[in-house]
>>> print(open('coords22.cif').read())   # mmCIF, C-alpha atoms and all ligand atoms
data_my_file
loop_
_atom_site.label_atom_id
_atom_site.label_comp_id
_atom_site.auth_asym_id
_atom_site.auth_seq_id
_atom_site.Cartn_x
_atom_site.Cartn_y
_atom_site.Cartn_z
CA MET A 1 0.00 0.00 0.00
CA SER A 2 2.64 2.46 1.03
CA SER A 3 4.78 1.55 -1.94
CA LEU A 4 1.84 2.09 -4.23
CA LEU A 5 1.31 5.55 -2.71
CA THR A 6 4.98 6.30 -3.15
CA LEU A 7 4.76 5.21 -6.74
CA LEU A 8 1.72 7.37 -7.36
CA THR A 9 3.38 10.34 -5.69
CA ALA A 10 6.50 9.87 -7.77
CA PHE A 11 4.37 9.59 -10.88
CA ALA A 12 2.49 12.78 -9.98
CA LEU A 13 5.75 14.61 -9.43
CA LEU A 14 7.01 13.36 -12.76
CA VAL A 15 3.88 14.58 -14.53
CA SER A 16 3.93 17.95 -12.85
CA SER A 17 7.62 18.53 -13.56
CA ALA A 18 7.10 17.51 -17.18
CA THR A 19 4.32 20.08 -17.60
CA ALA A 20 5.75 22.81 -15.36
CA GLN A 21 6.06 26.03 -17.30
CA ALA A 22 7.99 29.18 -16.61
CA GLN A 23 5.82 31.92 -15.19
CA VAL A 24 5.21 34.73 -17.61
CA PRO A 25 5.63 38.16 -15.98
CA VAL A 26 2.90 40.78 -16.03
CA PHE A 27 2.43 42.18 -19.56
CA GLY A 28 4.43 39.30 -21.05
CA GLN A 29 2.96 37.21 -23.88
CA CYS A 30 1.11 34.08 -22.76
CA GLY A 31 -0.72 32.96 -25.88
CA GLY A 32 -1.32 33.35 -29.59
CA LEU A 33 -1.58 31.12 -32.65
CA THR A 34 2.15 31.21 -33.44
CA TYR A 35 3.26 31.34 -29.80
CA SER A 36 4.87 28.29 -28.21
CA GLY A 37 6.08 29.67 -24.86
CA SER A 38 4.61 29.38 -21.41
CA THR A 39 0.93 30.13 -20.90
CA VAL A 40 1.19 30.41 -17.11
CA CYS A 41 1.02 33.95 -15.74
CA VAL A 42 2.79 35.02 -12.57
CA ALA A 43 0.57 35.07 -9.46
CA GLY A 44 -1.75 38.07 -9.29
CA SER A 45 -2.19 38.19 -13.05
CA PHE A 46 -4.04 36.21 -15.69
CA CYS A 47 -3.72 35.52 -19.40
CA GLN A 48 -5.99 37.89 -21.30
CA PHE A 49 -6.93 37.25 -24.90
CA ASP A 50 -6.10 40.21 -27.10
CA SER A 51 -6.23 38.84 -30.63
CA ASP A 52 -5.79 35.47 -32.32
CA PHE A 53 -2.06 36.15 -32.35
CA PHE A 54 -1.54 37.68 -28.95
CA SER A 55 -2.58 37.09 -25.38
CA GLN A 56 -0.92 38.89 -22.52
CA CYS A 57 -0.61 38.51 -18.75
CA VAL A 58 -2.46 41.37 -17.10
CA PRO A 59 -2.83 42.17 -13.40
CA GLY A 60 -5.98 40.95 -11.73
CA THR A 61 -8.18 37.89 -11.56
CA ALA A 62 -9.35 35.95 -14.57
CA PRO A 63 -12.97 36.62 -15.50
CA PRO A 64 -15.40 33.76 -15.03
CA PRO A 65 -15.57 31.05 -17.68
CA PHE A 66 -17.84 32.80 -20.09
CA GLY A 67 -18.57 30.12 -22.69
CA GLY A 68 -20.56 30.89 -25.82
CA PRO A 69 -19.72 33.37 -28.52
CA ILE A 70 -20.96 36.59 -26.92
CA ASN A 71 -19.76 37.67 -23.46
CA PHE A 72 -20.12 41.44 -23.54
CA TRP A 73 -23.10 43.47 -24.62
CA PHE A 74 -23.13 47.22 -25.02
CA PRO A 75 -26.70 48.44 -25.59
CA PHE A 76 -27.53 52.05 -26.46
CA GLY A 77 -31.01 53.56 -26.63
CA ASP A 78 -33.86 55.10 -24.69
CA SER A 79 -36.28 53.97 -22.00
CA TYR A 80 -37.25 50.90 -24.03
CA THR A 81 -33.72 49.71 -23.28
CA THR A 82 -32.42 51.39 -20.12
CA THR A 83 -31.91 49.57 -16.86
CA THR A 84 -30.47 52.81 -15.32
CA PHE A 85 -26.91 51.47 -15.30
CA ASN A 86 -24.45 53.94 -13.73
CA THR A 87 -21.22 53.58 -15.70
CA THR A 88 -19.07 54.85 -12.81
CA SER A 89 -20.50 52.50 -10.20
CA VAL A 90 -20.28 48.69 -9.85
CA LEU A 91 -19.42 47.07 -13.17
CA PRO A 92 -21.13 43.94 -14.48
CA ASN A 93 -19.92 40.87 -12.62
CA ILE A 94 -20.87 37.25 -12.16
CA ASN A 95 -23.27 38.12 -9.32
CA ASN A 96 -25.02 40.83 -11.30
CA PRO A 97 -24.37 40.70 -15.03
CA LEU A 98 -25.89 44.21 -15.33
CA GLY A 99 -23.47 45.58 -12.69
CA ASN A 100 -25.79 48.07 -11.06
CA PRO A 101 -28.47 48.68 -9.95
CA PRO A 102 -29.41 45.20 -8.70
CA PHE A 103 -30.80 43.00 -11.43
CA PRO A 104 -33.06 43.69 -13.32
CA GLY A 105 -32.43 47.42 -12.74
CA PHE A 106 -35.13 50.06 -13.16
CA THR A 107 -36.95 49.70 -16.43
CA GLY A 108 -39.69 51.55 -18.23
CA GLY A 109 -42.00 48.55 -18.14
CA GLY A 110 -41.18 47.63 -14.54
CA GLY A 111 -39.18 44.46 -13.92
CA GLU A 112 -36.99 42.66 -16.42
CA ASN A 113 -36.86 44.28 -19.86
CA TYR A 114 -35.39 42.69 -22.97
CA VAL A 115 -31.86 43.63 -21.91
CA GLY A 116 -32.18 41.84 -18.58
CA PHE A 117 -34.07 38.94 -20.12
CA ASP A 118 -31.48 38.34 -22.83
CA THR A 119 -28.54 38.93 -20.48
CA ALA A 120 -29.49 36.56 -17.71
CA THR A 121 -32.57 34.53 -18.52
CA PHE A 122 -32.55 33.73 -22.24
CA ASN A 123 -28.73 33.75 -22.47
CA ALA A 124 -26.72 30.87 -23.88
CA SER A 125 -23.49 32.15 -22.31
CA VAL A 126 -22.41 34.44 -19.49
CA ILE A 127 -22.97 37.99 -20.73
CA PHE A 128 -21.77 41.11 -18.96
CA THR A 129 -24.01 43.94 -20.12
CA TYR A 130 -22.92 47.56 -19.93
CA ASN A 131 -26.20 49.28 -20.67
CA TYR A 132 -25.57 52.84 -21.82
CA ALA A 133 -29.22 53.50 -22.75
CA PHE A 134 -30.93 56.47 -21.13
CA GLY A 135 -34.67 57.12 -20.73
CA GLY A 136 -35.98 59.79 -23.08
CA ALA A 137 -32.94 59.71 -25.35
CA THR A 138 -32.87 61.22 -28.81
CA ILE A 139 -30.01 60.79 -31.27
CA ASN A 140 -28.75 64.38 -30.99
CA ALA A 141 -30.28 66.62 -28.32
CA SER A 142 -29.65 69.68 -30.53
CA LEU A 143 -31.73 68.17 -33.33
CA VAL A 144 -34.60 66.85 -31.21
CA THR A 145 -34.76 68.27 -27.70
CA PRO A 146 -35.37 65.56 -25.08
CA PHE A 147 -38.03 65.97 -22.38
CA GLU A 148 -35.35 66.94 -19.85
CA PRO A 149 -31.95 68.57 -20.42
CA THR A 150 -30.23 65.89 -18.32
CA VAL A 151 -31.16 63.15 -20.78
CA LEU A 152 -28.11 61.53 -22.41
CA SER A 153 -28.49 61.39 -26.18
CA LEU A 154 -27.15 58.60 -28.36
CA ILE A 155 -24.15 60.88 -29.00
CA ASP A 156 -23.60 61.20 -25.22
CA GLN A 157 -24.02 57.47 -24.67
CA VAL A 158 -21.52 56.46 -27.33
CA ASN A 159 -19.08 59.07 -26.02
CA GLU A 160 -19.51 57.65 -22.56
CA PHE A 161 -18.47 54.26 -23.91
CA LEU A 162 -15.58 55.71 -25.92
CA THR A 163 -14.13 57.95 -23.23
CA GLY A 164 -15.16 56.16 -20.01
CA GLY A 165 -12.38 53.57 -20.24
CA VAL A 166 -14.37 50.57 -21.49
CA ALA A 167 -13.50 51.11 -25.15
CA GLU A 168 -9.83 50.41 -24.36
CA LYS A 169 -10.70 46.84 -23.33
CA PRO A 170 -9.29 47.19 -19.79
CA ALA A 171 -8.55 44.12 -17.66
CA ALA A 172 -11.87 44.64 -15.88
CA THR A 173 -13.75 44.51 -19.20
CA PRO A 174 -11.86 42.14 -21.48
CA TRP A 175 -14.12 42.45 -24.48
CA THR A 176 -12.90 41.58 -27.95
CA SER A 177 -14.23 42.19 -31.44
CA ALA A 178 -15.45 38.61 -31.46
CA ASN A 179 -17.09 38.38 -28.05
CA ALA A 180 -18.91 41.74 -27.91
CA LEU A 181 -22.29 42.77 -29.24
CA PHE A 182 -23.24 46.40 -29.76
CA SER A 183 -26.93 47.22 -30.06
CA VAL A 184 -28.98 50.34 -30.73
CA TRP A 185 -32.69 50.87 -30.30
CA ILE A 186 -33.35 54.55 -30.84
CA GLY A 187 -35.70 56.83 -32.75
CA VAL A 188 -38.93 56.71 -30.74
CA ASN A 189 -38.34 60.15 -29.24
CA ASP A 190 -36.71 61.60 -32.35
CA LEU A 191 -39.72 60.82 -34.50
CA ALA A 192 -42.51 61.38 -31.97
CA GLY A 193 -40.86 64.66 -31.07
CA SER A 194 -40.52 65.92 -34.65
CA PHE A 195 -43.06 64.26 -36.96
CA SER A 196 -45.39 67.25 -37.04
CA GLU A 197 -42.62 69.80 -37.69
CA PRO A 198 -42.58 71.54 -41.05
CA GLY A 199 -39.96 70.55 -43.61
CA ASP A 200 -39.12 67.37 -45.45
CA ARG A 201 -39.22 64.55 -42.90
CA GLY A 202 -37.18 62.28 -45.18
CA VAL A 203 -34.35 64.81 -45.33
CA PHE A 204 -34.52 65.10 -41.55
CA ALA A 205 -34.43 61.32 -41.18
CA ASP A 206 -31.24 61.28 -43.25
CA THR A 207 -29.72 63.96 -41.02
CA LEU A 208 -30.52 61.83 -37.97
CA LEU A 209 -29.17 58.70 -39.63
CA ASP A 210 -25.96 60.42 -40.78
CA GLU A 211 -25.18 61.14 -37.14
CA TYR A 212 -26.38 57.72 -35.96
CA PHE A 213 -24.04 55.91 -38.35
CA ALA A 214 -21.13 58.29 -37.80
CA LEU A 215 -21.36 57.04 -34.20
CA MET A 216 -21.45 53.41 -35.33
CA GLN A 217 -18.31 54.08 -37.36
CA LYS A 218 -16.60 55.26 -34.15
CA LEU A 219 -17.53 51.95 -32.53
CA VAL A 220 -16.03 50.07 -35.47
CA ALA A 221 -12.84 52.12 -35.05
CA VAL A 222 -12.34 50.78 -31.52
CA GLY A 223 -13.05 47.17 -32.52
CA GLY A 224 -16.84 46.76 -32.64
CA ARG A 225 -17.77 44.08 -35.18
CA ASN A 226 -21.18 42.70 -34.10
CA PHE A 227 -24.08 45.12 -34.38
CA LEU A 228 -27.75 44.62 -33.62
CA PHE A 229 -30.15 47.33 -34.75
CA LEU A 230 -33.78 47.56 -33.71
CA ASN A 231 -36.08 49.67 -35.82
CA VAL A 232 -38.66 52.14 -34.50
CA PRO A 233 -41.73 50.37 -33.14
CA ARG A 234 -45.40 51.31 -33.54
CA VAL A 235 -45.37 54.30 -31.21
CA ASP A 236 -48.02 55.77 -33.51
CA LEU A 237 -50.36 53.37 -31.70
CA THR A 238 -49.61 54.61 -28.19
CA PRO A 239 -52.65 55.90 -26.28
CA LEU A 240 -51.05 59.36 -26.36
CA ILE A 241 -50.87 59.54 -30.15
CA LEU A 242 -54.25 57.87 -30.65
CA ALA A 243 -55.72 60.64 -28.48
CA GLU A 244 -54.37 63.17 -30.99
CA GLY A 245 -56.60 61.72 -33.68
CA ALA A 246 -56.38 59.67 -36.85
CA THR A 247 -54.49 62.31 -38.85
CA ALA A 248 -51.65 62.55 -36.34
CA GLN A 249 -51.52 58.77 -36.03
CA ALA A 250 -51.29 58.27 -39.79
CA GLN A 251 -48.70 61.02 -40.12
CA LEU A 252 -46.46 59.53 -37.42
CA LYS A 253 -46.89 56.04 -38.88
CA SER A 254 -45.74 57.25 -42.27
CA VAL A 255 -42.72 59.07 -40.78
CA ILE A 256 -41.76 55.92 -38.84
CA ASP A 257 -42.14 53.69 -41.91
CA ASP A 258 -39.96 56.02 -43.96
CA PHE A 259 -37.32 56.20 -41.20
CA ASN A 260 -37.28 52.41 -40.89
CA THR A 261 -36.82 52.00 -44.66
CA ARG A 262 -33.88 54.37 -44.55
CA LEU A 263 -32.50 52.63 -41.46
CA ALA A 264 -32.57 49.28 -43.27
CA SER A 265 -30.54 50.65 -46.18
CA ARG A 266 -28.08 52.32 -43.78
CA VAL A 267 -27.58 49.01 -42.01
CA ALA A 268 -26.87 47.32 -45.36
CA SER A 269 -24.49 50.11 -46.38
CA PHE A 270 -22.76 50.02 -42.98
CA LYS A 271 -22.11 46.31 -43.44
CA THR A 272 -20.82 46.78 -47.00
CA ASN A 273 -18.53 49.60 -45.89
CA ASN A 274 -16.97 47.62 -43.07
CA THR A 275 -15.31 44.31 -43.86
CA GLY A 276 -15.68 41.93 -40.95
CA VAL A 277 -18.75 43.63 -39.52
CA THR A 278 -21.82 41.49 -38.91
CA THR A 279 -25.20 43.18 -38.61
CA TRP A 280 -28.65 42.13 -37.50
CA LEU A 281 -31.77 44.23 -37.93
CA TRP A 282 -34.65 43.29 -35.65
CA ASP A 283 -38.00 44.43 -37.00
CA SER A 284 -39.67 45.55 -33.78
CA ASN A 285 -42.21 47.50 -35.82
CA SER A 286 -43.71 44.37 -37.41
CA VAL A 287 -43.76 42.51 -34.13
CA PHE A 288 -45.66 45.36 -32.45
CA THR A 289 -48.11 45.32 -35.37
CA THR A 290 -48.64 41.59 -34.97
CA ILE A 291 -49.28 41.82 -31.25
CA LEU A 292 -51.40 44.95 -31.33
CA SER A 293 -53.57 43.34 -34.03
CA ALA A 294 -54.43 40.47 -31.69
CA PRO A 295 -53.36 41.54 -28.19
CA THR A 296 -55.41 38.98 -26.29
CA GLN A 297 -53.75 36.13 -28.17
CA PHE A 298 -50.48 37.35 -26.65
CA GLY A 299 -51.90 37.68 -23.16
CA PHE A 300 -52.64 41.39 -23.11
CA VAL A 301 -55.91 42.99 -22.05
CA ASP A 302 -56.29 44.95 -25.29
CA ALA A 303 -54.28 47.22 -27.61
CA VAL A 304 -54.98 50.54 -25.91
CA SER A 305 -54.99 50.18 -22.11
CA PHE A 306 -51.94 51.30 -20.25
CA GLY A 307 -50.32 51.29 -16.85
CA ASN A 308 -51.87 48.22 -15.29
CA THR A 309 -50.97 44.56 -15.09
CA GLY A 310 -51.79 42.89 -18.38
CA ASP A 311 -51.70 46.12 -20.38
CA PHE A 312 -49.50 46.33 -23.44
CA TRP A 313 -48.47 49.93 -22.79
CA GLY A 314 -46.70 51.26 -19.73
CA ILE A 315 -47.48 54.57 -18.12
CA THR A 316 -45.53 57.78 -17.68
CA SER A 317 -45.81 61.34 -18.71
CA THR A 318 -43.67 61.12 -21.82
CA LEU A 319 -44.14 59.11 -24.91
CA ASP A 320 -40.74 57.50 -24.53
CA ARG A 321 -41.77 55.84 -21.35
CA ARG A 322 -44.67 54.04 -22.92
CA HIS A 323 -43.08 50.67 -22.76
CA THR A 324 -44.33 47.39 -23.81
CA ARG A 325 -44.15 44.46 -21.53
CA TYR A 326 -43.61 42.54 -24.72
CA SER A 327 -40.22 44.06 -25.35
CA ARG A 328 -38.65 41.74 -22.83
CA ARG A 329 -39.22 38.84 -25.16
CA ILE A 330 -36.92 40.17 -27.84
CA SER A 331 -34.06 37.80 -28.32
CA VAL A 332 -30.54 38.47 -29.51
CA ARG A 333 -29.76 34.81 -29.96
C1 LIG A 401 -22.90 57.00 -10.17
O1 LIG A 401 -22.01 56.39 -9.28
C2 LIG A 401 -21.06 57.27 -8.73
C3 LIG A 401 -20.05 56.44 -7.95
O2 LIG A 401 -20.72 55.54 -7.09
C4 LIG A 401 -21.76 58.34 -7.92
O3 LIG A 401 -20.81 59.25 -7.39
C5 LIG A 401 -22.73 59.08 -8.80
O4 LIG A 401 -23.48 59.99 -8.04
C6 LIG A 401 -23.68 58.10 -9.48
N1 LIG A 401 -24.49 58.82 -10.45
C7 LIG A 401 -25.81 58.80 -10.43
C8 LIG A 401 -26.49 59.56 -11.52
O5 LIG A 401 -26.43 58.18 -9.61
C1 LIG A 402 -26.82 33.21 -18.02
O1 LIG A 402 -26.48 34.29 -17.19
C2 LIG A 402 -26.49 34.01 -15.80
C3 LIG A 402 -26.25 35.30 -15.08
O2 LIG A 402 -25.01 35.83 -15.43
C4 LIG A 402 -25.43 32.95 -15.51
O3 LIG A 402 -25.46 32.62 -14.15
C5 LIG A 402 -25.69 31.73 -16.36
O4 LIG A 402 -24.64 30.80 -16.17
C6 LIG A 402 -25.79 32.09 -17.82
N1 LIG A 402 -26.22 30.95 -18.61
C7 LIG A 402 -25.36 30.29 -19.42
C8 LIG A 402 -25.97 29.16 -20.19
O5 LIG A 402 -24.19 30.58 -19.53
C1 LIG A 403 -25.89 67.75 -33.32
O1 LIG A 403 -26.72 68.68 -33.99
C2 LIG A 403 -26.18 69.99 -34.06
C3 LIG A 403 -27.26 70.87 -34.65
O2 LIG A 403 -27.56 70.47 -35.97
C4 LIG A 403 -24.91 69.97 -34.88
O3 LIG A 403 -24.33 71.25 -34.90
C5 LIG A 403 -23.92 68.98 -34.22
O4 LIG A 403 -22.76 68.86 -35.03
C6 LIG A 403 -24.57 67.62 -34.05
N1 LIG A 403 -23.64 66.78 -33.30
C7 LIG A 403 -23.07 65.69 -33.82
C8 LIG A 403 -22.06 65.02 -32.96
O5 LIG A 403 -23.33 65.26 -34.93
C1 LIG A 404 -20.72 53.98 -46.59
O1 LIG A 404 -19.70 54.67 -47.27
C2 LIG A 404 -20.19 55.65 -48.19
C3 LIG A 404 -18.99 56.19 -48.96
O2 LIG A 404 -18.02 56.68 -48.06
C4 LIG A 404 -20.93 56.73 -47.42
O3 LIG A 404 -21.44 57.69 -48.31
C5 LIG A 404 -22.05 56.08 -46.64
O4 LIG A 404 -22.68 57.06 -45.83
C6 LIG A 404 -21.52 54.97 -45.75
N1 LIG A 404 -22.64 54.29 -45.12
C7 LIG A 404 -22.84 54.31 -43.81
C8 LIG A 404 -24.06 53.64 -43.32
O5 LIG A 404 -22.07 54.83 -43.02
#
>>> encode(input="coords22.cif", output="structure tokens")
Amino acid sequence: MSSLLTLLTAFALLVSSATAQAQVPVFGQCGGLTYSGSTVCVAGSFCQFDSDFFSQCVPGTAPPPFGGPINFWFPFGDSYTTTTFNTTSVLPNINNPLGNPPFPGFTGGGGENYVGFDTATFNASVIFTYNYAFGGATINASLVTPFEPTVLSLIDQVNEFLTGGVAEKPAATPWTSANALFSVWIGVNDLAGSFSEPGDRGVFADTLLDEYFALMQKLVAVGGRNFLFLNVPRVDLTPLILAEGATAQAQLKSVIDDFNTRLASRVASFKTNNTGVTTWLWDSNSVFTTILSAPTQFGFVDAVSFGNTGDFWGITSTLDRRHTRYSRRISVR
């Protein structure tokens, strides 16, 4: 018995000495397709993937085993998307993949919205979601004034990502081009806040989209490659707009349809312009139409009630905050 133990111990020692590797110092290379050196980082650091050809030891603790293709999600948008994430507070972590506030955050619909649902309930991998969306957001606050001056526009949100440290792929947020998804759901407030203005609405839509996609180009410049776009939903059917009468409703519907057509061609052009970029366009508008045409089949009271359990529409004083409980079912898989 004791000789067997001795033998096993000797064997274990043999194995461990055969596989022992030199410890790579902090910031030394520890991986890469053409790399054959040690992959063991010195204590207090871990091997962080940088590109197919380079991984480096960086100070800190290795992130959890993420699995799956997507591990970081950077959503931008308005109250349909926000979970009121504070970018300078607790970052997403294994205990709360939204970082702060406690999951599912504060949402326009109350409870888990599509961001929370897809991050932690419908997810096929561990996803750390840095949700830059802000309630009431427009694309450019100088073009369409938000309901409050403190609202962060899409421009502000993207700048917050670009200048707040996350864009540099710090050790705390080891996102890569391959494992990160960028998403944008914006336009509700831009269109509802401008559809009845004089002037060519199509020209205005192009002005908005020029700025929208200039921002997307900035995300590509720092490594963004996976982009999900959501088009403008049927906010022409909100109780607020319906109360303005059939003419207003039809006018807003036509402005939304035109914007969405232009958005679809921008998405196609954005993909063509950027080799290696993958895009998805989720047609929220059609899904809203489907549900609002037969709300009871989807478990809602009707198409027009708002603010109570079972209602399709949420309640607040601004159009932006008219959320759908349905939106949580949107999937990014
Ligand atoms: C965000 O978090 C920081 C740090 O905890 C805090 O100082 C700041 O007031 C927070 N901002 C908001 C809007 O709550
Ligand atoms: C989904 O996310 C939760 C919360 O981060 C995580 O605990 C769970 O492991 C994830 N599911 C999969 C299949 O990775
Ligand atoms: C926002 O709109 C204003 C007014 O048209 C314009 O001057 C400004 O350049 C726009 N900002 C960006 C970043 O496009
Ligand atoms: C694609 O590139 C062309 C030519 O530079 C430009 O006119 C167009 O606006 C770009 N498309 C997008 C969506 O950025």
>>> residues_near_ligand(input="coords22.cif", ligand="ligand LIG 401 (chain A)", cutoff="12 Å", atoms="all atoms listed in the file", output="compact mmCIF listing (two decimals) with C-alpha atoms, in the coordinates of the input")
# COMPACT_ATOMS: atom_id res chain seq x y z
CA THR A 84 -30.47 52.81 -15.32
CA PHE A 85 -26.91 51.47 -15.30
CA ASN A 86 -24.45 53.94 -13.73
CA THR A 87 -21.22 53.58 -15.70
CA THR A 88 -19.07 54.85 -12.81
CA SER A 89 -20.50 52.50 -10.20
CA VAL A 90 -20.28 48.69 -9.85
CA LEU A 91 -19.42 47.07 -13.17
CA GLY A 99 -23.47 45.58 -12.69
CA ASN A 100 -25.79 48.07 -11.06
CA PRO A 101 -28.47 48.68 -9.95
CA PHE A 134 -30.93 56.47 -21.13
CA THR A 150 -30.23 65.89 -18.32
CA VAL A 151 -31.16 63.15 -20.78
CA LEU A 152 -28.11 61.53 -22.41
>>> residues_near_ligand(input="coords22.cif", ligand="ligand LIG 404 (chain A)", cutoff="7 Å", atoms="only C-alpha atoms and all ligand atoms", output="PyMOL selection string")
chain A and resi 210+213-214+217+266-267+269-270+273
>>> write_last_selection(input="coords22.cif", atoms="C-alpha atoms", output="mmCIF file, in the frame of the given file")
data_model
loop_
_atom_site.group_PDB
_atom_site.id
_atom_site.type_symbol
_atom_site.label_atom_id
_atom_site.label_comp_id
_atom_site.auth_asym_id
_atom_site.auth_seq_id
_atom_site.Cartn_x
_atom_site.Cartn_y
_atom_site.Cartn_z
ATOM 1 C CA ASP A 210 -25.960 60.420 -40.780
ATOM 2 C CA PHE A 213 -24.040 55.910 -38.350
ATOM 3 C CA ALA A 214 -21.130 58.290 -37.800
ATOM 4 C CA GLN A 217 -18.310 54.080 -37.360
ATOM 5 C CA ARG A 266 -28.080 52.320 -43.780
ATOM 6 C CA VAL A 267 -27.580 49.010 -42.010
ATOM 7 C CA SER A 269 -24.490 50.110 -46.380
ATOM 8 C CA PHE A 270 -22.760 50.020 -42.980
ATOM 9 C CA ASN A 273 -18.530 49.600 -45.890
#
>>> residues_around(input="coords22.cif", residues="Gly28 in chain A", least_positions_apart="4", cutoff="7 Å", atoms="all atoms listed in the file", output="mmCIF file with C-alpha atoms, in the frame of the given file")
data_model
loop_
_atom_site.group_PDB
_atom_site.id
_atom_site.type_symbol
_atom_site.label_atom_id
_atom_site.label_comp_id
_atom_site.auth_asym_id
_atom_site.auth_seq_id
_atom_site.Cartn_x
_atom_site.Cartn_y
_atom_site.Cartn_z
ATOM 1 C CA VAL A 24 5.210 34.730 -17.610
ATOM 2 C CA GLN A 56 -0.920 38.890 -22.520
ATOM 3 C CA CYS A 57 -0.610 38.510 -18.750
#
>>> atom_distance(input="coords22.cif", atom1="CA of Leu191 in chain A", atom2="CA of Ile256 in chain A")
6.9 Å
>>> closest_residue(input="coords22.cif", among="A:Phe288, A:Phe103, A:Tyr35, A:Phe298", to="ligand LIG 402 (chain A)", atoms="only C-alpha atoms and all ligand atoms")
A:Phe103
>>> closest_residue(input="coords22.cif", among="A:Asp302, A:Pro174, A:Tyr212, A:Val126", to="ligand LIG 403 (chain A)", atoms="only C-alpha atoms and all ligand atoms")
A:Tyr212
>>> residues_around(input="coords22.cif", residues="range 223-237 of chain A", least_positions_apart="2", cutoff="8 Å", atoms="only C-alpha atoms", output="count of residues only")
43
>>> residues_near_ligand(input="coords22.cif", ligand="ligand LIG 402 (chain A)", cutoff="10 Å", atoms="all atoms listed in the file", output="MDAnalysis selection string")
chainID A and resid 64:68 71 92:98 103 116:129
>>> residues_near_ligand(input="coords22.cif", ligand="ligand LIG 403 (chain A)", cutoff="9 Å", atoms="only C-alpha atoms and all ligand atoms", output="mmCIF file with C-alpha atoms, in the frame of the given file")
data_model
loop_
_atom_site.group_PDB
_atom_site.id
_atom_site.type_symbol
_atom_site.label_atom_id
_atom_site.label_comp_id
_atom_site.auth_asym_id
_atom_site.auth_seq_id
_atom_site.Cartn_x
_atom_site.Cartn_y
_atom_site.Cartn_z
ATOM 1 C CA ILE A 139 -30.010 60.790 -31.270
ATOM 2 C CA ASN A 140 -28.750 64.380 -30.990
ATOM 3 C CA ALA A 141 -30.280 66.620 -28.320
ATOM 4 C CA SER A 142 -29.650 69.680 -30.530
ATOM 5 C CA LEU A 143 -31.730 68.170 -33.330
ATOM 6 C CA VAL A 144 -34.600 66.850 -31.210
ATOM 7 C CA ILE A 155 -24.150 60.880 -29.000
ATOM 8 C CA ASP A 156 -23.600 61.200 -25.220
ATOM 9 C CA THR A 207 -29.720 63.960 -41.020
ATOM 10 C CA LEU A 208 -30.520 61.830 -37.970
ATOM 11 C CA ASP A 210 -25.960 60.420 -40.780
ATOM 12 C CA GLU A 211 -25.180 61.140 -37.140
ATOM 13 C CA TYR A 212 -26.380 57.720 -35.960
ATOM 14 C CA ALA A 214 -21.130 58.290 -37.800
ATOM 15 C CA LEU A 215 -21.360 57.040 -34.200
#
>>> atom_distance(input="coords22.cif", atom1="CA of Ala268 in chain A", atom2="CA of Asp206 in chain A")
14.8 Å
>>> build_atoms(input="coords22.cif", residues="range 253-264 of chain A", atoms="N, CA and C atoms", output="PDB file, in the coordinates of the input")
ATOM      1  N   LYS A 253     -47.142  57.380 -38.316  1.00  0.00           N
ATOM      2  CA  LYS A 253     -46.890  56.040 -38.880  1.00  0.00           C
ATOM      3  C   LYS A 253     -46.069  56.160 -40.160  1.00  0.00           C
ATOM      4  N   SER A 254     -46.446  57.111 -40.998  1.00  0.00           N
ATOM      5  CA  SER A 254     -45.740  57.250 -42.270  1.00  0.00           C
ATOM      6  C   SER A 254     -44.297  57.724 -42.062  1.00  0.00           C
ATOM      7  N   VAL A 255     -44.077  58.603 -41.082  1.00  0.00           N
ATOM      8  CA  VAL A 255     -42.720  59.070 -40.780  1.00  0.00           C
ATOM      9  C   VAL A 255     -41.874  57.899 -40.231  1.00  0.00           C
ATOM     10  N   ILE A 256     -42.482  57.073 -39.389  1.00  0.00           N
ATOM     11  CA  ILE A 256     -41.760  55.920 -38.840  1.00  0.00           C
ATOM     12  C   ILE A 256     -41.413  54.923 -39.958  1.00  0.00           C
ATOM     13  N   ASP A 257     -42.393  54.641 -40.825  1.00  0.00           N
ATOM     14  CA  ASP A 257     -42.140  53.690 -41.910  1.00  0.00           C
ATOM     15  C   ASP A 257     -40.997  54.167 -42.804  1.00  0.00           C
ATOM     16  N   ASP A 258     -41.012  55.455 -43.108  1.00  0.00           N
ATOM     17  CA  ASP A 258     -39.960  56.020 -43.960  1.00  0.00           C
ATOM     18  C   ASP A 258     -38.595  55.932 -43.259  1.00  0.00           C
ATOM     19  N   PHE A 259     -38.577  56.268 -41.970  1.00  0.00           N
ATOM     20  CA  PHE A 259     -37.320  56.200 -41.200  1.00  0.00           C
ATOM     21  C   PHE A 259     -36.792  54.761 -41.199  1.00  0.00           C
ATOM     22  N   ASN A 260     -37.706  53.813 -40.973  1.00  0.00           N
ATOM     23  CA  ASN A 260     -37.280  52.410 -40.890  1.00  0.00           C
ATOM     24  C   ASN A 260     -36.742  51.902 -42.234  1.00  0.00           C
ATOM     25  N   THR A 261     -37.333  52.374 -43.334  1.00  0.00           N
ATOM     26  CA  THR A 261     -36.820  52.000 -44.660  1.00  0.00           C
ATOM     27  C   THR A 261     -35.407  52.527 -44.837  1.00  0.00           C
ATOM     28  N   ARG A 262     -35.221  53.775 -44.448  1.00  0.00           N
ATOM     29  CA  ARG A 262     -33.880  54.370 -44.550  1.00  0.00           C
ATOM     30  C   ARG A 262     -32.898  53.688 -43.601  1.00  0.00           C
ATOM     31  N   LEU A 263     -33.369  53.329 -42.418  1.00  0.00           N
ATOM     32  CA  LEU A 263     -32.500  52.630 -41.460  1.00  0.00           C
ATOM     33  C   LEU A 263     -32.013  51.309 -42.057  1.00  0.00           C
ATOM     34  N   ALA A 264     -32.938  50.576 -42.689  1.00  0.00           N
ATOM     35  CA  ALA A 264     -32.570  49.280 -43.270  1.00  0.00           C
ATOM     36  C   ALA A 264     -31.486  49.459 -44.339  1.00  0.00           C
TER      37      ALA A 264
END
